[in-house]
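Trainee: Have a look at this one before I ask anything.
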Amino acid sequence: MRAANLRILVYLPVMLPPASALLLFAYFYNPQYGLFDEILRVLHLPTSQWVLQPGTGFVSTAMISVVIASTWMNMGSATLIYLAALQNIPGELYEAAELDGAGLFSRIRNITIPQTKLILLMLLMLQVVATMQMFVESFVLTNGGGGVGDNTQSVVMLIYQYAFALSGASNYNSASALGVVLMVVLAVFSGGFLWATKDRG
């Protein structure tokens, strides 16, 4: 019963509408009254602007904030798939490894990873594809923009801005070109997945 409750709790964010879940995180990230900054104040730690934090490096605080919200929203499905894969591993393999004196890391390296390799590769590919198509997270958390200095910009957000919101002038040619480039990149990733998971006999 506890395991079922835990699965429901993990999967709950997936059942929420994306906009609702992101508006919840927008409230958490608010610099004035957000939950995260309140926790930092209680712990006497410096607060953050989160998605409004200007970023100059390759990875900004704003982008990390968007990734945290996106991960929380989408981890339920991946967790359930991986749990199902773990439950399909025969327990006899672990028992035999324990009798042979294998430690925890040895069992993970020699049993868990090989037995779940296909699922891990599939989840990796699904996450890469989902990340390349990230739009609603950045759109909702930054009120339709790309963040301060475009520090939460994604490819799909850039396509949207070229097509509908860039200086009030639509540039459908650039948006279409970016869409084709995104399709080609995702096709390459998909081809790499098929090659990595094919049966080599």
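Letters for chains follow the order of the structure tokens (A, B, ...), residue numbers begin at 1 for each chain, and ligand numbers begin at 1 in the order shown.
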Using only C-alpha atoms, which protein or nucleic acid residues come within 7 Å of stretch 186-193 of chain A? Drop anything in the same chain fewer than 3 positions from it, and give the result as a PyMOL selection string.

Mentor: chain A and resi 125+129+182-183+196-197

Trainee: Next, dump the selected residues to file, keeping only C-alpha atoms, as a PDB file, in the first residue's frame.

Mentor:
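In the end it all went to result21.pdb:
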```
ATOM      1  CA  MET A 125      16.189   9.565 -25.833  1.00  0.00           C
ATOM      2  CA  VAL A 129      13.543  14.915 -27.423  1.00  0.00           C
ATOM      3  CA  LEU A 182      15.076  21.066 -35.105  1.00  0.00           C
ATOM      4  CA  MET A 183      13.412  18.237 -37.036  1.00  0.00           C
ATOM      5  CA  ALA A 196      22.346   2.006 -30.001  1.00  0.00           C
ATOM      6  CA  THR A 197      19.459  -0.314 -29.205  1.00  0.00           C
TER       7      THR A 197
END
```

Trainee: Once you count only C-alpha atoms, what closest atom pair and distance in Å to one decimal does each residue of stretch 117-163 of chain A within 12 Å of stretch 79-103 of chain A have, with rows by chain and rising residue number, as a Markdown table?

Mentor:
```
| residue | atom | partner | partner_atom | distance |
| --- | --- | --- | --- | --- |
| A:Lys117 | CA | A:Ala85 | CA | 9.6 |
| A:Leu118 | CA | A:Ala85 | CA | 9.4 |
| A:Ile119 | CA | A:Tyr82 | CA | 6.9 |
| A:Leu120 | CA | A:Tyr82 | CA | 7.7 |
| A:Leu121 | CA | A:Tyr82 | CA | 11.1 |
| A:Met122 | CA | A:Ile81 | CA | 10.1 |
| A:Leu123 | CA | A:Tyr82 | CA | 8.4 |
| A:Leu124 | CA | A:Tyr82 | CA | 11.4 |
| A:Leu126 | CA | A:Ile81 | CA | 11.9 |
```

Trainee: Do you have the atom CA of A:Ser48-atom CA of A:Phe25 distance handy?

Mentor: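 Computing it gives 14.1 Å between the two atoms.
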
Trainee: What's the separation between atom CA of A:Tyr27 and atom CA of A:Ser154, in Å to one decimal place?

Mentor: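 Computing the Euclidean distance for atom CA of A:Tyr27 and atom CA of A:Ser154 yields 21.8 Å.
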
Trainee: If you run DSSP on this backbone, which residues of stretch 27-65 of chain A come out as helix (DSSP H, G or I), and could you give them as an mmCIF file with N, CA and C atoms, in the first residue's frame?

Mentor:
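Writing the result to out.cif gives the following:
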```
data_model
loop_
_atom_site.group_PDB
_atom_site.id
_atom_site.type_symbol
_atom_site.label_atom_id
_atom_site.label_comp_id
_atom_site.auth_asym_id
_atom_site.auth_seq_id
_atom_site.Cartn_x
_atom_site.Cartn_y
_atom_site.Cartn_z
ATOM 1 N N TYR A 27 4.912 30.991 -8.486
ATOM 2 C CA TYR A 27 4.667 31.505 -7.131
ATOM 3 C C TYR A 27 5.844 31.177 -6.217
ATOM 4 N N PHE A 28 6.361 29.947 -6.318
ATOM 5 C CA PHE A 28 7.510 29.558 -5.489
ATOM 6 C C PHE A 28 8.732 30.422 -5.786
ATOM 7 N N TYR A 29 8.911 30.788 -7.074
ATOM 8 C CA TYR A 29 10.095 31.533 -7.491
ATOM 9 C C TYR A 29 9.976 33.038 -7.278
ATOM 10 N N LEU A 35 8.011 30.827 -1.928
ATOM 11 C CA LEU A 35 8.355 29.832 -0.910
ATOM 12 C C LEU A 35 9.856 29.591 -0.824
ATOM 13 N N PHE A 36 10.522 29.492 -1.977
ATOM 14 C CA PHE A 36 11.945 29.170 -1.975
ATOM 15 C C PHE A 36 12.781 30.263 -1.305
ATOM 16 N N ASP A 37 12.466 31.520 -1.576
ATOM 17 C CA ASP A 37 13.207 32.602 -0.937
ATOM 18 C C ASP A 37 12.882 32.690 0.551
ATOM 19 N N GLU A 38 11.646 32.358 0.920
ATOM 20 C CA GLU A 38 11.293 32.347 2.342
ATOM 21 C C GLU A 38 12.110 31.291 3.087
ATOM 22 N N ILE A 39 12.285 30.134 2.469
ATOM 23 C CA ILE A 39 13.113 29.088 3.079
ATOM 24 C C ILE A 39 14.555 29.565 3.226
ATOM 25 N N LEU A 40 15.078 30.235 2.191
ATOM 26 C CA LEU A 40 16.443 30.757 2.263
ATOM 27 C C LEU A 40 16.579 31.811 3.356
ATOM 28 N N ARG A 41 15.554 32.649 3.526
ATOM 29 C CA ARG A 41 15.602 33.658 4.595
ATOM 30 C C ARG A 41 15.603 33.009 5.967
ATOM 31 N N VAL A 42 14.790 31.966 6.136
ATOM 32 C CA VAL A 42 14.755 31.262 7.423
ATOM 33 C C VAL A 42 16.110 30.651 7.742
ATOM 34 N N TRP A 50 15.867 33.815 -9.049
ATOM 35 C CA TRP A 50 15.414 32.624 -9.758
ATOM 36 C C TRP A 50 15.291 32.894 -11.250
ATOM 37 N N VAL A 51 14.086 32.814 -11.824
ATOM 38 C CA VAL A 51 13.949 32.974 -13.282
ATOM 39 C C VAL A 51 14.218 34.404 -13.737
ATOM 40 N N LEU A 52 14.244 35.352 -12.808
ATOM 41 C CA LEU A 52 14.545 36.744 -13.153
ATOM 42 C C LEU A 52 16.014 37.078 -12.959
ATOM 43 N N THR A 61 21.276 30.791 -13.461
ATOM 44 C CA THR A 61 20.348 30.407 -12.398
ATOM 45 C C THR A 61 18.930 30.303 -12.934
ATOM 46 N N ALA A 62 18.572 31.198 -13.859
ATOM 47 C CA ALA A 62 17.231 31.172 -14.439
ATOM 48 C C ALA A 62 16.987 29.870 -15.193
ATOM 49 N N MET A 63 17.952 29.430 -15.995
ATOM 50 C CA MET A 63 17.780 28.188 -16.746
ATOM 51 C C MET A 63 17.719 26.989 -15.802
ATOM 52 N N ILE A 64 18.532 26.995 -14.749
ATOM 53 C CA ILE A 64 18.472 25.911 -13.767
ATOM 54 C C ILE A 64 17.096 25.881 -13.105
ATOM 55 N N SER A 65 16.525 27.037 -12.831
ATOM 56 C CA SER A 65 15.189 27.108 -12.231
ATOM 57 C C SER A 65 14.141 26.518 -13.164
#
```

Trainee: Could you tell me which of A:Leu104, A:Ile113, A:Met157, A:Ala69 comes closest to A:Pro13 if we count only C-alpha atoms?

Mentor: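 Smallest separation from A:Pro13 among the options: A:Ala69.
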
Trainee: For A:Asn143, work out the shell of residues within 12 Å, counting only C-alpha atoms and skipping chain neighbours fewer than 4 positions away, then give it as a ChimeraX atom specification.

Mentor: /A:19,22-23,26,51-52,135-139,147-148,152

Trainee: Please measure the separation of atom CA of A:Val14 and atom CA of A:Leu141, giving the value in Å to one decimal.

Mentor: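 Those two atoms sit 17.6 Å apart.
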
Trainee: Choose the residue, out of A:Val10, A:Val140, A:Val128, A:Val180, that has the smallest atom-to-atom separation from A:Ile159; count only C-alpha atoms.

Mentor: A:Val180

Trainee: Return the single residue from A:Tyr160, A:Tyr11, A:Phe105, A:Trp195 that is closest to A:Met73, with distances computed using only C-alpha atoms.

Mentor: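 Smallest distance to A:Met73 is found for A:Tyr11.
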